[in-house]
$ cat input-v1.cif   # mmCIF, C-alpha atoms
data_input
#
loop_
_atom_site.group_PDB
_atom_site.id
_atom_site.type_symbol
_atom_site.label_atom_id
_atom_site.label_comp_id
_atom_site.auth_asym_id
_atom_site.auth_seq_id
_atom_site.Cartn_x
_atom_site.Cartn_y
_atom_site.Cartn_z
ATOM 1 C CA MET A 28 19.696 9.187 27.037
ATOM 2 C CA ARG A 29 16.562 8.848 24.921
ATOM 3 C CA ARG A 30 18.469 6.815 22.361
ATOM 4 C CA LEU A 31 19.697 4.563 25.146
ATOM 5 C CA THR A 32 16.113 3.997 26.300
ATOM 6 C CA THR A 33 15.071 3.250 22.720
ATOM 7 C CA LEU A 34 17.875 0.743 22.345
ATOM 8 C CA LEU A 35 16.938 -0.834 25.676
ATOM 9 C CA PHE A 36 13.331 -1.244 24.555
ATOM 10 C CA LEU A 37 14.497 -2.643 21.219
ATOM 11 C CA ALA A 38 16.733 -5.144 22.996
ATOM 12 C CA GLY A 39 13.768 -6.228 25.111
ATOM 13 C CA LEU A 40 11.614 -6.641 22.015
ATOM 14 C CA VAL A 41 14.328 -8.674 20.282
ATOM 15 C CA PHE A 42 14.656 -10.846 23.405
ATOM 16 C CA LEU A 43 10.906 -11.480 23.429
ATOM 17 C CA LEU A 44 10.891 -12.334 19.720
ATOM 18 C CA VAL A 45 13.882 -14.670 20.111
ATOM 19 C CA VAL A 46 12.176 -16.477 22.999
ATOM 20 C CA LEU A 47 8.985 -16.777 20.926
ATOM 21 C CA ALA A 48 10.857 -17.986 17.846
ATOM 22 C CA ASP A 49 12.790 -20.459 19.934
ATOM 23 C CA SER A 50 9.644 -22.135 21.239
ATOM 24 C CA LEU A 51 8.089 -22.471 17.764
ATOM 25 C CA PRO A 52 9.433 -24.876 15.146
ATOM 26 C CA PHE A 53 10.482 -22.880 12.054
ATOM 27 C CA GLY A 54 8.348 -23.370 8.971
ATOM 28 C CA ASP A 55 6.068 -25.853 10.677
ATOM 29 C CA PRO A 56 2.961 -24.007 11.833
ATOM 30 C CA PRO A 57 0.964 -25.701 14.582
ATOM 31 C CA MET A 58 -2.344 -24.952 12.800
ATOM 32 C CA ARG A 59 -4.142 -27.077 10.268
ATOM 33 C CA VAL A 60 -6.141 -24.265 8.636
ATOM 34 C CA GLY A 61 -3.438 -23.714 6.016
ATOM 35 C CA THR A 62 -3.437 -27.255 4.683
ATOM 36 C CA ALA A 63 -7.246 -27.356 4.724
ATOM 37 C CA ILE A 64 -7.424 -24.154 2.670
ATOM 38 C CA GLN A 65 -4.754 -25.388 0.259
ATOM 39 C CA GLN A 66 -6.759 -28.528 -0.362
ATOM 40 C CA GLY A 67 -10.179 -26.911 -0.618
ATOM 41 C CA ALA A 68 -9.644 -23.436 -2.081
ATOM 42 C CA ALA A 69 -9.264 -24.488 -5.725
ATOM 43 C CA SER A 70 -12.597 -26.289 -5.832
ATOM 44 C CA GLU A 71 -14.504 -24.084 -3.375
ATOM 45 C CA VAL A 72 -13.505 -20.590 -4.523
ATOM 46 C CA GLY A 73 -11.803 -21.224 -7.848
ATOM 47 C CA ALA A 74 -9.000 -18.656 -7.442
ATOM 48 C CA ALA A 75 -5.531 -19.711 -8.560
ATOM 49 C CA ASN A 76 -4.008 -17.356 -5.966
ATOM 50 C CA PHE A 77 -4.917 -18.871 -2.616
ATOM 51 C CA VAL A 78 -4.140 -15.663 -0.778
ATOM 52 C CA THR A 79 -6.969 -13.993 -2.700
ATOM 53 C CA ALA A 80 -9.205 -16.962 -1.936
ATOM 54 C CA VAL A 81 -8.598 -16.274 1.772
ATOM 55 C CA VAL A 82 -8.741 -12.465 1.549
ATOM 56 C CA LEU A 83 -11.981 -12.247 -0.447
ATOM 57 C CA GLY A 84 -13.498 -15.711 -0.112
ATOM 58 C CA TYR A 85 -13.004 -17.110 3.364
ATOM 59 C CA ARG A 86 -12.285 -13.814 5.132
ATOM 60 C CA GLY A 87 -14.188 -11.281 3.031
ATOM 61 C CA LEU A 88 -15.632 -9.621 6.104
ATOM 62 C CA ASP A 89 -12.119 -8.852 7.390
ATOM 63 C CA THR A 90 -11.365 -7.151 4.081
ATOM 64 C CA LEU A 91 -14.489 -5.038 4.486
ATOM 65 C CA GLY A 92 -13.251 -4.069 7.952
ATOM 66 C CA GLU A 93 -9.861 -3.198 6.492
ATOM 67 C CA LEU A 94 -11.543 -1.040 3.851
ATOM 68 C CA SER A 95 -13.616 0.795 6.449
ATOM 69 C CA ILE A 96 -10.528 1.443 8.596
ATOM 70 C CA LEU A 97 -8.744 2.853 5.541
ATOM 71 C CA PHE A 98 -11.817 4.932 4.700
ATOM 72 C CA ALA A 99 -11.984 6.340 8.234
ATOM 73 C CA ALA A 100 -8.262 7.128 8.203
ATOM 74 C CA ALA A 101 -8.425 8.835 4.795
ATOM 75 C CA THR A 102 -11.514 10.822 5.792
ATOM 76 C CA ALA A 103 -9.909 11.962 9.043
ATOM 77 C CA GLY A 104 -6.740 12.881 7.153
ATOM 78 C CA GLY A 105 -8.736 14.877 4.628
ATOM 79 C CA LEU A 106 -10.599 16.639 7.426
ATOM 80 C CA VAL A 107 -7.383 17.624 9.192
ATOM 81 C CA LEU A 108 -5.471 18.582 6.053
ATOM 82 C CA GLY A 109 -8.313 20.502 4.450
ATOM 83 C CA THR A 110 -9.133 20.899 0.789
ATOM 84 C CA ALA A 111 -6.358 21.478 -1.682
ATOM 85 C CA HIS A 112 -6.188 24.838 -3.383
ATOM 86 C CA GLY A 113 -3.421 23.721 -5.688
ATOM 87 C CA GLY A 114 0.183 24.453 -4.923
ATOM 88 C CA ALA A 115 0.193 27.561 -7.101
ATOM 89 C CA ARG A 116 3.231 28.923 -5.309
ATOM 90 C CA ARG A 117 5.232 25.845 -6.084
ATOM 91 C CA ARG A 118 7.713 25.814 -8.896
ATOM 92 C CA PRO A 119 6.965 23.266 -11.659
ATOM 93 C CA GLY A 120 9.307 20.295 -11.815
ATOM 94 C CA GLY A 121 12.417 20.246 -13.937
ATOM 95 C CA PHE A 122 12.780 18.711 -17.373
ATOM 96 C CA ILE A 123 13.833 15.275 -16.089
ATOM 97 C CA LEU A 124 10.953 15.102 -13.610
ATOM 98 C CA ARG A 125 8.369 16.156 -16.223
ATOM 99 C CA THR A 126 9.641 13.751 -18.902
ATOM 100 C CA GLY A 127 10.017 10.957 -16.369
ATOM 101 C CA SER A 128 6.478 11.415 -15.090
ATOM 102 C CA ASP A 129 5.132 11.471 -18.675
ATOM 103 C CA LEU A 130 6.964 8.216 -19.377
ATOM 104 C CA LEU A 131 6.082 6.512 -16.092
ATOM 105 C CA PHE A 132 2.415 7.542 -15.868
ATOM 106 C CA PRO A 133 1.038 5.123 -18.530
ATOM 107 C CA LEU A 134 3.428 2.392 -17.389
ATOM 108 C CA LEU A 135 2.316 2.680 -13.756
ATOM 109 C CA LEU A 136 -1.322 2.812 -14.859
ATOM 110 C CA VAL A 137 -0.942 -0.449 -16.819
ATOM 111 C CA VAL A 138 0.999 -2.153 -14.007
ATOM 112 C CA GLY A 139 -1.533 -1.053 -11.393
ATOM 113 C CA LEU A 140 -4.515 -2.213 -13.445
ATOM 114 C CA TYR A 141 -2.729 -5.492 -14.226
ATOM 115 C CA VAL A 142 -2.034 -6.147 -10.557
ATOM 116 C CA VAL A 143 -5.666 -5.350 -9.656
ATOM 117 C CA VAL A 144 -7.302 -7.370 -12.442
ATOM 118 C CA HIS A 145 -5.013 -10.400 -12.064
ATOM 119 C CA GLY A 146 -5.365 -10.448 -8.279
ATOM 120 C CA HIS A 147 -7.077 -13.842 -8.300
ATOM 121 C CA LEU A 148 -4.391 -15.421 -10.518
ATOM 122 C CA THR A 149 -0.998 -13.994 -9.600
ATOM 123 C CA PRO A 150 0.415 -12.378 -6.444
ATOM 124 C CA GLY A 151 -1.039 -8.960 -5.905
ATOM 125 C CA GLY A 152 -4.562 -7.645 -5.793
ATOM 126 C CA GLY A 153 -6.692 -4.656 -5.004
ATOM 127 C CA PHE A 154 -4.609 -3.183 -2.195
ATOM 128 C CA GLN A 155 -1.235 -3.416 -3.932
ATOM 129 C CA GLY A 156 -2.591 -2.370 -7.318
ATOM 130 C CA GLY A 157 -4.539 0.468 -5.737
ATOM 131 C CA VAL A 158 -1.367 1.857 -4.184
ATOM 132 C CA VAL A 159 0.392 1.639 -7.567
ATOM 133 C CA LEU A 160 -2.543 3.481 -9.188
ATOM 134 C CA ALA A 161 -2.384 6.189 -6.521
ATOM 135 C CA ALA A 162 1.351 6.559 -7.167
ATOM 136 C CA ALA A 163 0.639 6.816 -10.906
ATOM 137 C CA PHE A 164 -1.751 9.716 -10.333
ATOM 138 C CA PHE A 165 0.555 11.383 -7.819
ATOM 139 C CA LEU A 166 3.492 11.520 -10.238
ATOM 140 C CA PRO A 167 2.016 14.148 -12.650
ATOM 141 C CA MET A 168 1.042 16.200 -9.595
ATOM 142 C CA LEU A 169 4.696 16.196 -8.536
ATOM 143 C CA ALA A 170 5.861 17.316 -11.970
ATOM 144 C CA ARG A 171 3.125 19.907 -12.575
ATOM 145 C CA PRO A 172 1.930 21.302 -9.232
ATOM 146 C CA HIS A 173 -0.607 23.583 -10.921
ATOM 147 C CA GLU A 174 -2.769 20.722 -12.118
ATOM 148 C CA THR A 175 -4.488 19.209 -9.115
ATOM 149 C CA LEU A 176 -6.735 16.203 -9.035
ATOM 150 C CA ASN A 177 -10.491 16.666 -9.110
ATOM 151 C CA HIS A 178 -11.566 15.692 -5.608
ATOM 152 C CA THR A 179 -15.238 15.467 -6.564
ATOM 153 C CA TRP A 180 -14.463 12.707 -9.061
ATOM 154 C CA LEU A 181 -12.136 10.979 -6.627
ATOM 155 C CA SER A 182 -14.739 10.845 -3.853
ATOM 156 C CA LEU A 183 -17.348 9.715 -6.407
ATOM 157 C CA VAL A 184 -15.147 6.804 -7.544
ATOM 158 C CA GLU A 185 -14.308 5.972 -3.918
ATOM 159 C CA GLY A 186 -17.938 5.963 -2.805
ATOM 160 C CA LEU A 187 -19.146 3.975 -5.815
ATOM 161 C CA ALA A 188 -16.388 1.370 -5.380
ATOM 162 C CA GLY A 189 -17.173 0.969 -1.679
ATOM 163 C CA THR A 190 -20.882 0.673 -2.461
ATOM 164 C CA ALA A 191 -20.145 -1.913 -5.155
ATOM 165 C CA PHE A 192 -18.171 -4.033 -2.673
ATOM 166 C CA ILE A 193 -21.007 -4.021 -0.143
ATOM 167 C CA ALA A 194 -23.627 -4.527 -2.871
ATOM 168 C CA ILE A 195 -21.864 -7.657 -4.134
ATOM 169 C CA GLY A 196 -21.677 -8.882 -0.549
ATOM 170 C CA LEU A 197 -25.403 -8.250 0.004
ATOM 171 C CA LEU A 198 -26.232 -9.949 -3.314
ATOM 172 C CA ALA A 199 -24.363 -13.005 -2.051
ATOM 173 C CA LEU A 200 -26.254 -12.747 1.246
ATOM 174 C CA PHE A 201 -29.610 -12.946 -0.541
ATOM 175 C CA HIS A 202 -28.391 -15.586 -2.986
ATOM 176 C CA ASP A 203 -26.362 -17.897 -0.757
ATOM 177 C CA HIS A 204 -27.350 -16.838 2.777
ATOM 178 C CA THR A 205 -23.701 -15.928 3.447
ATOM 179 C CA PHE A 206 -22.310 -12.386 3.287
ATOM 180 C CA LEU A 207 -19.646 -12.069 0.561
ATOM 181 C CA ALA A 208 -19.914 -15.706 -0.487
ATOM 182 C CA PRO A 209 -18.378 -16.288 -3.960
ATOM 183 C CA LEU A 210 -21.052 -15.581 -6.557
ATOM 184 C CA PHE A 211 -21.539 -16.598 -10.193
ATOM 185 C CA HIS A 212 -19.943 -19.468 -12.048
ATOM 186 C CA LYS A 213 -16.374 -20.377 -11.077
ATOM 187 C CA GLY A 214 -15.231 -20.793 -14.678
ATOM 188 C CA VAL A 215 -12.019 -22.491 -15.764
ATOM 189 C CA PHE A 216 -9.331 -22.596 -13.048
ATOM 190 C CA GLY A 217 -6.521 -20.146 -13.877
ATOM 191 C CA GLU A 218 -8.350 -18.148 -16.568
ATOM 192 C CA LEU A 219 -8.712 -14.376 -16.364
ATOM 193 C CA VAL A 220 -12.522 -14.546 -16.130
ATOM 194 C CA SER A 221 -12.864 -17.129 -13.399
ATOM 195 C CA SER A 222 -13.564 -17.569 -9.683
ATOM 196 C CA GLY A 223 -16.939 -15.813 -9.835
ATOM 197 C CA SER A 224 -17.235 -12.408 -8.181
ATOM 198 C CA LEU A 225 -13.669 -12.233 -6.820
ATOM 199 C CA PRO A 226 -12.209 -10.143 -9.701
ATOM 200 C CA LEU A 227 -15.127 -7.695 -9.368
ATOM 201 C CA LEU A 228 -14.539 -7.396 -5.624
ATOM 202 C CA TYR A 229 -10.828 -6.805 -6.140
ATOM 203 C CA LEU A 230 -11.550 -4.192 -8.828
ATOM 204 C CA ALA A 231 -13.768 -2.365 -6.330
ATOM 205 C CA VAL A 232 -11.047 -2.626 -3.661
ATOM 206 C CA GLY A 233 -8.396 -1.368 -6.091
ATOM 207 C CA LEU A 234 -10.444 1.639 -7.225
ATOM 208 C CA LYS A 235 -11.362 2.513 -3.643
ATOM 209 C CA VAL A 236 -7.823 2.245 -2.274
ATOM 210 C CA GLY A 237 -6.378 4.070 -5.280
ATOM 211 C CA SER A 238 -8.778 7.019 -5.157
ATOM 212 C CA GLU A 239 -8.517 7.294 -1.365
ATOM 213 C CA LEU A 240 -4.742 7.360 -1.339
ATOM 214 C CA ALA A 241 -4.511 9.669 -4.367
ATOM 215 C CA SER A 242 -6.792 12.197 -2.682
ATOM 216 C CA LEU A 243 -4.848 11.895 0.596
ATOM 217 C CA LEU A 244 -1.527 12.413 -1.200
ATOM 218 C CA SER A 245 -2.791 15.402 -3.166
ATOM 219 C CA ARG A 246 -4.078 16.985 0.045
ATOM 220 C CA LEU A 247 -0.749 16.381 1.754
ATOM 221 C CA ALA A 248 1.186 17.764 -1.190
ATOM 222 C CA SER A 249 -0.700 21.052 -1.344
ATOM 223 C CA GLU A 250 1.058 23.655 0.719
ATOM 224 C CA ASP A 251 -1.781 25.937 1.665
ATOM 225 C CA GLY A 252 -4.674 23.658 2.434
ATOM 226 C CA THR A 253 -7.203 25.215 4.780
ATOM 227 C CA ALA A 254 -9.323 23.198 7.155
ATOM 228 C CA PRO A 255 -13.046 23.556 6.431
ATOM 229 C CA MET B 15 20.402 -18.625 -0.504
ATOM 230 C CA ILE B 16 21.669 -18.151 3.046
ATOM 231 C CA TRP B 17 24.072 -15.436 1.856
ATOM 232 C CA ILE B 18 21.254 -13.536 0.171
ATOM 233 C CA ALA B 19 19.319 -13.666 3.430
ATOM 234 C CA VAL B 20 22.343 -12.580 5.474
ATOM 235 C CA THR B 21 23.018 -9.657 3.113
ATOM 236 C CA LEU B 22 19.384 -8.589 3.304
ATOM 237 C CA VAL B 23 19.306 -8.809 7.106
ATOM 238 C CA VAL B 24 22.501 -6.750 7.401
ATOM 239 C CA MET B 25 21.143 -4.172 4.942
ATOM 240 C CA THR B 26 17.794 -3.950 6.729
ATOM 241 C CA LEU B 27 19.343 -3.660 10.178
ATOM 242 C CA GLY B 28 21.850 -1.090 8.936
ATOM 243 C CA ALA B 29 19.098 1.018 7.401
ATOM 244 C CA ALA B 30 17.006 0.705 10.574
ATOM 245 C CA LEU B 31 19.965 1.877 12.642
ATOM 246 C CA ALA B 32 20.472 4.758 10.215
ATOM 247 C CA VAL B 33 16.858 5.865 10.795
ATOM 248 C CA MET B 34 17.655 6.344 14.472
ATOM 249 C CA LEU B 35 21.080 7.889 14.101
ATOM 250 C CA LEU B 36 20.667 10.206 11.104
ATOM 251 C CA ASP B 37 20.156 13.884 11.894
ATOM 252 C CA ASN B 38 18.785 14.819 8.471
ATOM 253 C CA LEU B 39 15.071 14.004 8.632
ATOM 254 C CA LEU B 40 14.692 13.490 4.894
ATOM 255 C CA ALA B 41 17.617 11.062 4.903
ATOM 256 C CA ALA B 42 15.991 9.228 7.823
ATOM 257 C CA VAL B 43 12.800 8.864 5.772
ATOM 258 C CA ALA B 44 14.850 7.462 2.880
ATOM 259 C CA ALA B 45 16.540 5.028 5.283
ATOM 260 C CA ALA B 46 13.124 3.916 6.575
ATOM 261 C CA SER B 47 12.125 3.276 2.965
ATOM 262 C CA VAL B 48 15.271 1.169 2.478
ATOM 263 C CA THR B 49 14.372 -0.795 5.618
ATOM 264 C CA SER B 50 10.960 -1.584 4.153
ATOM 265 C CA LEU B 51 12.555 -2.554 0.850
ATOM 266 C CA GLY B 52 14.874 -4.983 2.663
ATOM 267 C CA VAL B 53 11.932 -6.485 4.542
ATOM 268 C CA SER B 54 9.989 -6.870 1.302
ATOM 269 C CA LEU B 55 12.942 -8.658 -0.333
ATOM 270 C CA MET B 56 13.062 -10.926 2.729
ATOM 271 C CA PHE B 57 9.405 -11.753 2.061
ATOM 272 C CA VAL B 58 10.355 -12.709 -1.511
ATOM 273 C CA VAL B 59 13.096 -14.989 -0.155
ATOM 274 C CA LEU B 60 10.523 -16.549 2.190
ATOM 275 C CA LYS B 61 8.193 -17.117 -0.819
ATOM 276 C CA ALA B 62 5.454 -14.709 0.207
ATOM 277 C CA PRO B 63 5.149 -12.559 -2.929
ATOM 278 C CA ASP B 64 1.750 -11.118 -1.939
ATOM 279 C CA VAL B 65 3.092 -9.705 1.299
ATOM 280 C CA ALA B 66 6.267 -8.600 -0.477
ATOM 281 C CA MET B 67 4.251 -6.561 -2.976
ATOM 282 C CA THR B 68 2.250 -4.925 -0.214
ATOM 283 C CA GLU B 69 5.388 -4.136 1.753
ATOM 284 C CA ALA B 70 7.165 -2.715 -1.297
ATOM 285 C CA ALA B 71 4.189 -0.586 -2.383
ATOM 286 C CA VAL B 72 2.987 0.587 1.023
ATOM 287 C CA GLY B 73 6.076 0.384 3.224
ATOM 288 C CA ALA B 74 8.784 1.458 0.815
ATOM 289 C CA GLY B 75 6.781 3.729 -1.459
ATOM 290 C CA LEU B 76 3.672 5.200 0.062
ATOM 291 C CA SER B 77 4.655 5.581 3.724
ATOM 292 C CA ALA B 78 7.959 7.211 2.801
ATOM 293 C CA LEU B 79 6.054 9.590 0.536
ATOM 294 C CA ILE B 80 3.536 10.415 3.269
ATOM 295 C CA LEU B 81 6.325 10.892 5.838
ATOM 296 C CA ALA B 82 8.284 13.197 3.515
ATOM 297 C CA LEU B 83 5.175 15.209 2.607
ATOM 298 C CA SER B 84 4.189 15.573 6.265
ATOM 299 C CA LEU B 85 7.713 16.723 7.107
ATOM 300 C CA ARG B 86 7.343 19.455 4.510
ATOM 301 C CA ARG B 87 3.848 20.270 5.711
ATOM 302 C CA LEU B 88 5.127 20.617 9.275
ATOM 303 C CA GLY B 89 7.882 22.935 8.076
ATOM 304 C CA LEU B 90 10.699 20.632 9.184
ATOM 305 C CA VAL B 91 12.040 20.292 5.661
ATOM 306 C CA HIS B 92 12.081 23.229 3.251
ATOM 307 C CA LEU B 93 12.123 22.651 -0.466
ATOM 308 C CA ASN B 94 12.917 26.255 -1.190
ATOM 309 C CA PRO B 95 11.455 27.369 -4.540
ATOM 310 C CA THR B 96 14.021 30.130 -4.976
ATOM 311 C CA ALA B 97 17.044 27.940 -4.312
ATOM 312 C CA LYS B 98 18.762 26.538 -7.395
ATOM 313 C CA GLY B 99 18.122 22.825 -7.774
ATOM 314 C CA GLY B 100 15.576 22.784 -4.976
ATOM 315 C CA GLU B 101 17.926 21.373 -2.378
ATOM 316 C CA ASP B 102 16.631 20.825 1.130
ATOM 317 C CA ASP B 103 18.160 22.705 3.986
ATOM 318 C CA ALA B 104 16.858 20.629 6.831
#

$ encode --input "input-v1.cif" --output "structure tokens"
Amino acid sequence: MRRLTTLLFLAGLVFLLVVLADSLPFGDPPMRVGTAIQQGAASEVGAANFVTAVVLGYRGLDTLGELSILFAAATAGGLVLGTAHGGARRRPGGFILRTGSDLLFPLLLVVGLYVVVHGHLTPGGGFQGGVVLAAAFFLPMLARPHETLNHTWLSLVEGLAGTAFIAIGLLALFHDHTFLAPLFHKGVFGELVSSGSLPLLYLAVGLKVGSELASLLSRLASEDGTAP
Amino acid sequence: MIWIAVTLVVMTLGAALAVMLLDNLLAAVAAASVTSLGVSLMFVVLKAPDVAMTEAAVGAGLSALILALSLRRLGLVHLNPTAKGGEDDA
């Protein structure tokens, strides 16, 4: 009976979506913001990846809101799950898991840092790279449950990264009279060191997201966490 | 290109249906991860690599991990340390 109700609701949702999709022409958005950004982003922000130009340049405040939502969620999760005492009762992983985590850890670290640092050039950025970094630090925890992450360091990195993001935004406010306006020289279009403060902002986002999610995962993974 | 899209849609819908119908909770989590993977590949087909990366990292990887860990935390899935091979008996 419950499955039937679920299916009924799903059918209604599909019907709504079909009606919506039917009334909109496919691939032809009725807004002109997209074309305006495509024409202006290269000269105004200087990021080769226009998505980053929108995320950190035109809509930087939304990203700050996203970060604060993530921060609130991770803090609430940590509060509910309690501090990790290390899964001492857990059996260490098998040979394949340990060797695989040893092999994958540096690879994931490099990929995550690459995605974060090249966020203004290629697809990707702080959020995606941060998740990859968190996965990289979770993998050794899975293989060797006795070694837990140092939560003091994680919260330190998280707090410093969040402060750096807001500090760059405030610097732009004093410099350009706009919060989170692109700072510094734009540099050569498409180079690694270009588009002003955007790579720094994405580095802060990546470190913050990575440390938050790593601490959340390690708290979830510990079996006998006690609420403070 | 249309056949790639059709295959992906069938895979995604099949995995989504499996989430609802599977009795094993861990298998349902894996099916949810496959659903996210299909959606992320659809994003690649639609030329939105940024969204595809987010969907693959968060939807397919992280949320499945969090769901599986919370299942264990809630005691719905037991990874028994004494059992050989650590098989779940959900």

$ resolve_selection --input "input-v1.cif" --expression "the PyMOL selection byres ((chain A) within 10 of (chain B))" --output "PyMOL selection string"
chain A and resi 30+33-34+54+76+78-79+108+116-121+142+146+149-152+154-159+161-162+240+243-252

$ atom_distance --input "input-v1.cif" --atom1 "CA of Trp180 (chain A)" --atom2 "CA of Leu234 (chain A)"
11.9 Å

$ closest_residue --input "input-v1.cif" --among "B:Leu36, B:Ala19, B:Val91, B:Val43" --to "Val58 (chain B)" --atoms "all atoms listed in the file"
B:Ala19

$ residues_around --input "input-v1.cif" --residues "region 132-135 of chain A" --least-positions-apart "6" --cutoff "8 Å" --atoms "only C-alpha atoms" --output "PDB file with C-alpha atoms, keeping the file's coordinate frame"
ATOM      1  CA  VAL A 159       0.392   1.639  -7.567  1.00  0.00           C
ATOM      2  CA  LEU A 160      -2.543   3.481  -9.188  1.00  0.00           C
ATOM      3  CA  ALA A 162       1.351   6.559  -7.167  1.00  0.00           C
ATOM      4  CA  ALA A 163       0.639   6.816 -10.906  1.00  0.00           C
ATOM      5  CA  PHE A 164      -1.751   9.716 -10.333  1.00  0.00           C
ATOM      6  CA  LEU A 166       3.492  11.520 -10.238  1.00  0.00           C
ATOM      7  CA  PRO A 167       2.016  14.148 -12.650  1.00  0.00           C
TER       8      PRO A 167
END

$ atom_distance --input "input-v1.cif" --atom1 "CA of Gly92 (chain A)" --atom2 "CA of Phe192 (chain A)"
11.7 Å
